[in-house]
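data-v4.pdb follows (PDB, C-alpha atoms):
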MODEL        1
ATOM      1  CA  SER L 420     -10.818 -17.861  -0.771
ATOM      2  CA  THR L 421      -8.146 -17.478  -3.421
ATOM      3  CA  VAL L 422      -6.391 -14.624  -1.607
ATOM      4  CA  LEU L 423      -6.340 -16.442   1.753
ATOM      5  CA  SER L 424      -4.703 -19.449   0.078
ATOM      6  CA  PHE L 425      -1.583 -17.364  -0.480
ATOM      7  CA  PRO L 426       1.101 -18.846   1.861
ATOM      8  CA  LEU L 427       2.291 -15.446   3.063
ATOM      9  CA  PHE L 428      -1.100 -14.837   4.694
ATOM     10  CA  TYR L 429      -1.138 -18.067   6.743
ATOM     11  CA  GLY L 430      -2.042 -17.342  10.356
ATOM     12  CA  ALA L 431      -2.317 -13.587   9.753
ATOM     13  CA  PRO L 432      -4.469 -11.487  12.112
ATOM     14  CA  VAL L 433      -8.037 -10.842  10.994
ATOM     15  CA  ALA L 434      -7.385  -7.098  10.895
ATOM     16  CA  PHE L 435      -4.447  -7.598   8.519
ATOM     17  CA  VAL L 436      -6.503  -9.837   6.225
ATOM     18  CA  ALA L 437      -9.307  -7.260   6.207
ATOM     19  CA  GLU L 438      -6.918  -4.466   5.219
ATOM     20  CA  ILE L 439      -5.360  -6.618   2.494
ATOM     21  CA  ALA L 440      -8.834  -7.434   1.136
ATOM     22  CA  GLN L 441      -9.763  -3.754   1.004
ATOM     23  CA  ALA L 442      -6.495  -2.886  -0.748
ATOM     24  CA  HIS L 443      -7.182  -5.180  -3.707
ATOM     25  CA  ASN L 444      -8.360  -3.751  -7.007
ATOM     26  CA  TRP L 445     -10.956  -5.873  -8.780
ATOM     27  CA  VAL L 446     -10.484  -6.234 -12.532
ATOM     28  CA  GLN L 447     -12.901  -7.766 -15.057
ATOM     29  CA  CYS L 448     -11.452  -9.242 -18.266
ATOM     30  CA  GLY L 449     -13.138 -10.637 -21.359
ATOM     31  CA  ALA L 450     -11.819 -13.506 -23.475
ATOM     32  CA  GLY L 451      -8.796 -12.335 -25.424
ATOM     33  CA  ASP L 452      -8.082  -9.293 -23.258
ATOM     34  CA  LEU L 453      -4.430  -8.593 -22.485
ATOM     35  CA  VAL L 454      -3.783  -8.895 -18.739
ATOM     36  CA  VAL L 455      -0.014  -8.350 -18.472
ATOM     37  CA  GLU L 456       2.780  -8.235 -21.049
ATOM     38  CA  ALA L 457       6.323  -9.576 -21.044
ATOM     39  CA  GLY L 458       8.871  -6.861 -20.344
ATOM     40  CA  GLN L 459       6.640  -4.938 -17.937
ATOM     41  CA  LEU L 460       7.890  -4.114 -14.471
ATOM     42  CA  GLU L 461       6.189  -6.451 -12.007
ATOM     43  CA  GLN L 462       4.551  -4.359  -9.298
ATOM     44  CA  GLU L 463       1.536  -6.401  -8.182
ATOM     45  CA  VAL L 464       0.381  -9.862  -7.191
ATOM     46  CA  VAL L 465      -2.595 -11.019  -9.254
ATOM     47  CA  PHE L 466      -5.114 -13.531  -7.883
ATOM     48  CA  VAL L 467      -7.458 -15.305 -10.323
ATOM     49  CA  VAL L 468     -10.838 -15.393  -8.594
ATOM     50  CA  VAL L 469     -13.022 -16.504 -11.504
ATOM     51  CA  GLY L 470     -12.162 -17.617 -15.040
ATOM     52  CA  ARG L 471      -9.012 -18.701 -16.860
ATOM     53  CA  LEU L 472      -5.897 -17.049 -18.215
ATOM     54  CA  PHE L 473      -3.484 -18.100 -20.949
ATOM     55  CA  LYS L 474       0.281 -17.489 -20.656
ATOM     56  CA  VAL L 475       2.668 -17.251 -23.614
ATOM     57  CA  ARG L 476       6.360 -16.373 -23.661
ATOM     58  CA  GLN L 477       6.353 -14.187 -26.742
ATOM     59  CA  THR L 478       5.500 -10.619 -27.628
ATOM     60  CA  GLY L 479       4.458  -8.334 -30.490
ATOM     61  CA  ALA L 480       2.435  -9.441 -33.504
ATOM     62  CA  GLU L 481       2.292 -13.085 -32.347
ATOM     63  CA  ASN L 482       0.565 -11.991 -29.151
ATOM     64  CA  ALA L 483      -1.940  -9.936 -31.119
ATOM     65  CA  ALA L 484      -2.722 -12.986 -33.248
ATOM     66  CA  ILE L 485      -3.203 -15.176 -30.175
ATOM     67  CA  SER L 486      -5.511 -12.569 -28.656
ATOM     68  CA  ASP L 487      -7.640 -12.585 -31.813
ATOM     69  CA  ILE L 488      -7.839 -16.387 -31.789
ATOM     70  CA  ILE L 489      -8.876 -16.511 -28.135
ATOM     71  CA  ARG L 490     -11.472 -13.796 -28.657
ATOM     72  CA  SER L 491     -13.000 -15.500 -31.700
ATOM     73  CA  GLU L 492     -12.901 -19.121 -30.534
ATOM     74  CA  LYS L 493     -13.126 -18.534 -26.750
ATOM     75  CA  ASP L 494     -13.191 -21.882 -24.898
ATOM     76  CA  GLU L 495     -12.649 -23.861 -28.121
ATOM     77  CA  PHE L 496      -9.113 -22.526 -28.559
ATOM     78  CA  ASP L 497      -6.696 -25.441 -28.850
ATOM     79  CA  GLU L 498      -3.754 -25.155 -26.441
ATOM     80  CA  ASP L 499      -1.669 -27.471 -28.573
ATOM     81  CA  GLU L 500      -2.174 -25.517 -31.783
ATOM     82  CA  GLY L 501       0.866 -23.528 -32.911
ATOM     83  CA  ASP L 502       4.372 -23.751 -34.263
ATOM     84  CA  GLY L 503       5.687 -26.080 -31.576
ATOM     85  CA  ASP L 504       8.167 -23.684 -29.976
ATOM     86  CA  ARG L 505       5.633 -21.636 -28.037
ATOM     87  CA  SER L 506       5.873 -21.954 -24.261
ATOM     88  CA  GLN L 507       2.330 -21.726 -22.909
ATOM     89  CA  ASP L 508       0.314 -22.477 -19.844
ATOM     90  CA  GLU L 509      -3.196 -22.047 -18.499
ATOM     91  CA  ILE L 510      -3.795 -20.246 -15.224
ATOM     92  CA  ARG L 511      -7.092 -21.226 -13.620
ATOM     93  CA  ALA L 512      -9.265 -19.780 -10.864
ATOM     94  CA  GLY L 513      -7.591 -20.134  -7.470
ATOM     95  CA  ALA L 514      -4.122 -19.378  -8.836
ATOM     96  CA  TRP L 515      -1.933 -16.315  -8.414
ATOM     97  CA  PHE L 516       1.154 -14.896 -10.077
ATOM     98  CA  GLY L 517       3.596 -12.025  -9.569
ATOM     99  CA  GLU L 518       4.520 -12.934  -5.977
ATOM    100  CA  GLU L 519       8.238 -12.339  -6.629
ATOM    101  CA  CYS L 520       7.701  -8.565  -6.612
ATOM    102  CA  LEU L 521       6.912  -8.713  -2.879
ATOM    103  CA  PHE L 522      10.523  -9.754  -2.192
ATOM    104  CA  ASN L 523      12.604  -8.367  -5.056
ATOM    105  CA  ASP L 524      12.524  -4.863  -6.503
ATOM    106  CA  GLY L 525      12.862  -4.483 -10.231
ATOM    107  CA  CYS L 526      11.233  -7.775 -11.244
ATOM    108  CA  VAL L 527      10.332  -7.889 -14.940
ATOM    109  CA  ARG L 528       7.563 -10.071 -16.348
ATOM    110  CA  SER L 529       8.863 -12.902 -18.518
ATOM    111  CA  ALA L 530       5.509 -13.875 -20.052
ATOM    112  CA  THR L 531       2.468 -12.267 -21.634
ATOM    113  CA  ILE L 532      -0.899 -13.286 -20.196
ATOM    114  CA  PHE L 533      -4.341 -13.090 -21.805
ATOM    115  CA  ALA L 534      -7.788 -13.878 -20.473
ATOM    116  CA  ARG L 535      -8.993 -17.107 -22.054
ATOM    117  CA  ALA L 536     -12.543 -16.664 -20.770
ATOM    118  CA  ASP L 537     -14.460 -14.022 -18.836
ATOM    119  CA  THR L 538     -12.266 -13.563 -15.781
ATOM    120  CA  GLU L 539     -12.280 -11.699 -12.478
ATOM    121  CA  LEU L 540      -8.963 -10.752 -10.903
ATOM    122  CA  ALA L 541      -8.002  -9.377  -7.489
ATOM    123  CA  VAL L 542      -4.870  -7.252  -7.864
ATOM    124  CA  LEU L 543      -2.687  -6.340  -4.879
ATOM    125  CA  GLN L 544      -0.130  -3.597  -5.466
ATOM    126  CA  THR L 545       3.278  -4.193  -3.892
ATOM    127  CA  SER L 546       3.204  -0.725  -2.350
ATOM    128  CA  ASP L 547      -0.122  -1.481  -0.626
ATOM    129  CA  TYR L 548       1.169  -4.768   0.763
ATOM    130  CA  HIS L 549       4.273  -3.132   2.259
ATOM    131  CA  ARG L 550       2.236  -0.225   3.623
ATOM    132  CA  ILE L 551      -0.097  -2.616   5.439
ATOM    133  CA  VAL L 552       2.468  -5.153   6.657
ATOM    134  CA  ARG L 553       4.468  -2.364   8.351
ATOM    135  CA  LYS L 554       1.541  -1.940  10.759
ATOM    136  CA  TYR L 555       2.001  -5.492  12.069
ATOM    137  CA  PRO L 556       5.451  -5.999  13.639
ATOM    138  CA  GLN L 557       5.256  -9.809  13.785
ATOM    139  CA  LEU L 558       4.235 -10.070  10.131
ATOM    140  CA  LEU L 559       6.888  -7.553   9.168
ATOM    141  CA  GLU L 560       9.490  -9.661  10.989
ATOM    142  CA  ARG L 561       8.282 -12.763   9.141
ATOM    143  CA  HIS L 562       8.457 -10.927   5.808
ATOM    144  CA  ARG L 563      12.018  -9.721   6.450
ATOM    145  CA  ALA L 564      13.070 -13.225   7.448
ATOM    146  CA  LEU L 565      11.598 -14.582   4.213
ATOM    147  CA  VAL L 566      13.501 -11.996   2.196
ATOM    148  CA  LYS L 567      16.762 -13.028   3.894
ATOM    149  CA  ASP L 568      16.101 -16.720   3.263
ATOM    150  CA  ILE L 569      15.257 -16.090  -0.401
ATOM    151  CA  GLN L 570      18.364 -13.965  -0.911
ATOM    152  CA  SER L 571      20.564 -16.573   0.788
ATOM    153  CA  GLY L 572      19.044 -19.438  -1.186
ATOM    154  CA  ARG L 573      17.587 -21.193   1.859
ATOM    155  CA  LEU L 574      14.081 -20.662   0.487
ATOM    156  CA  ARG L 575      12.954 -20.784  -3.131
ATOM    157  CA  LEU L 576      10.215 -18.593  -4.549
ATOM    158  CA  SER L 577       8.679 -21.768  -5.963
ATOM    159  CA  GLU L 578       7.670 -22.587  -2.370
ATOM    160  CA  ILE L 579       5.311 -19.623  -2.506
ATOM    161  CA  ALA L 580       4.186 -20.049  -6.118
ATOM    162  CA  HIS L 581       0.774 -21.517  -6.855
ATOM    163  CA  VAL L 582       0.697 -25.268  -7.545
ATOM    164  CA  PRO L 583      -2.101 -26.438  -9.903
ATOM    165  CA  PRO L 584      -4.445 -28.925  -8.160
ATOM    166  CA  PRO L 585      -3.467 -32.008 -10.239
ATOM    167  CA  GLN L 586       0.165 -31.486  -9.218
ATOM    168  CA  ARG L 587      -0.452 -30.253  -5.691
ATOM    169  CA  VAL L 588       1.546 -31.824  -2.887
ATOM    170  CA  PRO L 589       0.981 -31.432   0.869
ATOM    171  CA  ARG L 590       2.240 -28.083   2.044
ATOM    172  CA  THR L 591       2.261 -28.696   5.774
ATOM    173  CA  SER L 592       6.054 -28.800   5.978
ATOM    174  CA  ARG L 593       6.316 -25.651   3.862
ATOM    175  CA  VAL L 594       3.928 -23.793   6.108
ATOM    176  CA  TRP L 595       6.005 -24.784   9.120
ATOM    177  CA  GLY L 596       9.006 -23.304   7.360
ATOM    178  CA  PHE L 597       7.236 -20.000   6.750
ATOM    179  CA  LEU L 598       6.070 -19.818  10.327
ATOM    180  CA  ARG L 599       9.196 -21.003  12.097
ATOM    181  CA  TRP L 600       9.651 -17.558  13.653
ATOM    182  CA  HIS L 601       6.409 -18.022  15.568
ATOM    183  CA  SER L 602       5.488 -20.202  18.509
ATOM    184  CA  ARG L 603       4.460 -23.816  17.951
ATOM    185  CA  ARG L 604       0.999 -22.955  19.175
ATOM    186  CA  ASP L 605       0.531 -20.180  16.603
ATOM    187  CA  ALA L 606       1.853 -22.398  13.823
ATOM    188  CA  LEU L 607      -0.495 -25.211  14.810
ATOM    189  CA  GLN L 608      -3.430 -22.840  14.692
ATOM    190  CA  ALA L 609      -2.395 -21.491  11.294
ATOM    191  CA  VAL L 610      -1.908 -24.894   9.701
ATOM    192  CA  THR L 611      -5.145 -26.205  11.192
ATOM    193  CA  ALA L 612      -7.082 -23.221   9.855
ATOM    194  CA  PHE L 613      -5.791 -23.569   6.305
ATOM    195  CA  HIS L 614      -5.518 -27.358   5.973
ATOM    196  CA  GLY L 615      -8.269 -28.556   8.269
ATOM    197  CA  VAL L 616      -5.893 -30.993  10.004
ATOM    198  CA  ALA L 617      -3.158 -30.128  12.473
ATOM    199  CA  PRO L 618       0.332 -31.503  11.735
ATOM    200  CA  SER L 619       1.646 -34.306  13.863
ATOM    201  CA  ARG L 620       3.320 -33.285  17.121
TER
ENDMDL
END
Output the file's structure as structure tokens, nothing else.
Amino acid sequence: STVLSFPLFYGAPVAFVAEIAQAHNWVQCGAGDLVVEAGQLEQEVVFVVVGRLFKVRQTGAENAAISDIIRSEKDEFDEDEGDGDRSQDEIRAGAWFGEECLFNDGCVRSATIFARADTELAVLQTSDYHRIVRKYPQLLERHRALVKDIQSGRLRLSEIAHVPPPQRVPRTSRVWGFLRWHSRRDALQAVTAFHGVAPSR
């Protein structure tokens, strides 16, 4: 599933995954609906289960105009249409965004996101994630180690960000990095479960 593809959940106990699944809020969006807006405090990770989103790095009246275009033209909206200085991107089903808020307090959204088609989202509040992960000492230790590595620059948040399928590269080595605090056996099981093939010994 989309949620289980999130690197932070690799090799997590079934009970943890079940609690995380129950903690999600499910949100339905229609084409043109505003999902998040630039300048908002980032307090949740959003998983795109079904549909497509459209990201723009601008606010105000321009966003309202884009919303109207998406709502009226739906799937026929031309990504390349515009004034040429608009930074935009499409976020498809299977993707996620907002993961930085799990590691850094005070994150502020840098882009506004609309639904480009009828979309279903699974939204995990940061507070719910931290409440649940505190129940699992090994996962809490892994999370704290990740925070230290991110703060020290040894790990980049881009290693946790979603990679669109056409640009996807093998993540086996990344997974090993996330799980290096665990035994080789546990890491092998985690990688096998999420990639279907165990890494070379």
Could you produce a table of the residues of stretch 432-473 of chain L lying within 7 Å of stretch 517-526 of chain L, with the nearest pair of atoms per residue and their separation in Å rounded to one decimal, using all atoms listed in the file, ordered by chain and increasing residue number, as a Markdown table?
| residue | atom | partner | partner_atom | distance |
| --- | --- | --- | --- | --- |
| L:Leu460 | CA | L:Cys526 | CA | 5.9 |
| L:Glu461 | CA | L:Cys526 | CA | 5.3 |
| L:Gln462 | CA | L:Cys520 | CA | 5.9 |
| L:Glu463 | CA | L:Gly517 | CA | 6.1 |
| L:Val464 | CA | L:Gly517 | CA | 4.5 |
| L:Val465 | CA | L:Gly517 | CA | 6.3 |
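Of the listed residues (L:Ile569, L:Ala514, L:Val552, L:Val527), L:Val552 comes nearest to L:Ala434; the distances count all atoms listed in the file.
The interatomic distance for the pair atom CA of L:Thr421 and atom CA of L:Phe435 works out to 15.9 Å.
Residues matched by the PyMOL selection byres ((chain L and resi 541) around 7) in this structure: His443, Asn444, Trp445, Val446, Val465, Phe466, Val467, Val468, Glu539, Leu540, Val542 and Leu543 of chain L.
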*Evaluate the PyMOL selection byres ((chain L and resi 532) around 10) and report residues as a PyMOL selection string*: chain L and resi 451-457+472-477+482+486+507-510+528-531+533-535
Output C-alpha atoms for every residue in that selection, as a PDB file, in the coordinates of the input.
ATOM      1  CA  GLY L 451      -8.796 -12.335 -25.424  1.00  0.00           C
ATOM      2  CA  ASP L 452      -8.082  -9.293 -23.258  1.00  0.00           C
ATOM      3  CA  LEU L 453      -4.430  -8.593 -22.485  1.00  0.00           C
ATOM      4  CA  VAL L 454      -3.783  -8.895 -18.739  1.00  0.00           C
ATOM      5  CA  VAL L 455      -0.014  -8.350 -18.472  1.00  0.00           C
ATOM      6  CA  GLU L 456       2.780  -8.235 -21.049  1.00  0.00           C
ATOM      7  CA  ALA L 457       6.323  -9.576 -21.044  1.00  0.00           C
ATOM      8  CA  LEU L 472      -5.897 -17.049 -18.215  1.00  0.00           C
ATOM      9  CA  PHE L 473      -3.484 -18.100 -20.949  1.00  0.00           C
ATOM     10  CA  LYS L 474       0.281 -17.489 -20.656  1.00  0.00           C
ATOM     11  CA  VAL L 475       2.668 -17.251 -23.614  1.00  0.00           C
ATOM     12  CA  ARG L 476       6.360 -16.373 -23.661  1.00  0.00           C
ATOM     13  CA  GLN L 477       6.353 -14.187 -26.742  1.00  0.00           C
ATOM     14  CA  ASN L 482       0.565 -11.991 -29.151  1.00  0.00           C
ATOM     15  CA  SER L 486      -5.511 -12.569 -28.656  1.00  0.00           C
ATOM     16  CA  GLN L 507       2.330 -21.726 -22.909  1.00  0.00           C
ATOM     17  CA  ASP L 508       0.314 -22.477 -19.844  1.00  0.00           C
ATOM     18  CA  GLU L 509      -3.196 -22.047 -18.499  1.00  0.00           C
ATOM     19  CA  ILE L 510      -3.795 -20.246 -15.224  1.00  0.00           C
ATOM     20  CA  ARG L 528       7.563 -10.071 -16.348  1.00  0.00           C
ATOM     21  CA  SER L 529       8.863 -12.902 -18.518  1.00  0.00           C
ATOM     22  CA  ALA L 530       5.509 -13.875 -20.052  1.00  0.00           C
ATOM     23  CA  THR L 531       2.468 -12.267 -21.634  1.00  0.00           C
ATOM     24  CA  PHE L 533      -4.341 -13.090 -21.805  1.00  0.00           C
ATOM     25  CA  ALA L 534      -7.788 -13.878 -20.473  1.00  0.00           C
ATOM     26  CA  ARG L 535      -8.993 -17.107 -22.054  1.00  0.00           C
TER      27      ARG L 535
END
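Atom pair atom CA of L:Arg550 / atom CA of L:Ala442: separated by 10.1 Å.
Across the structure, atom CA of L:His549 and atom CA of L:His562 are spaced 9.5 Å apart.
When the PyMOL selection byres ((chain L and resi 448) around 6) is evaluated on the file shown here, the picked residues come out as Gln447, Gly449, Asp537 and Thr538 of chain L.
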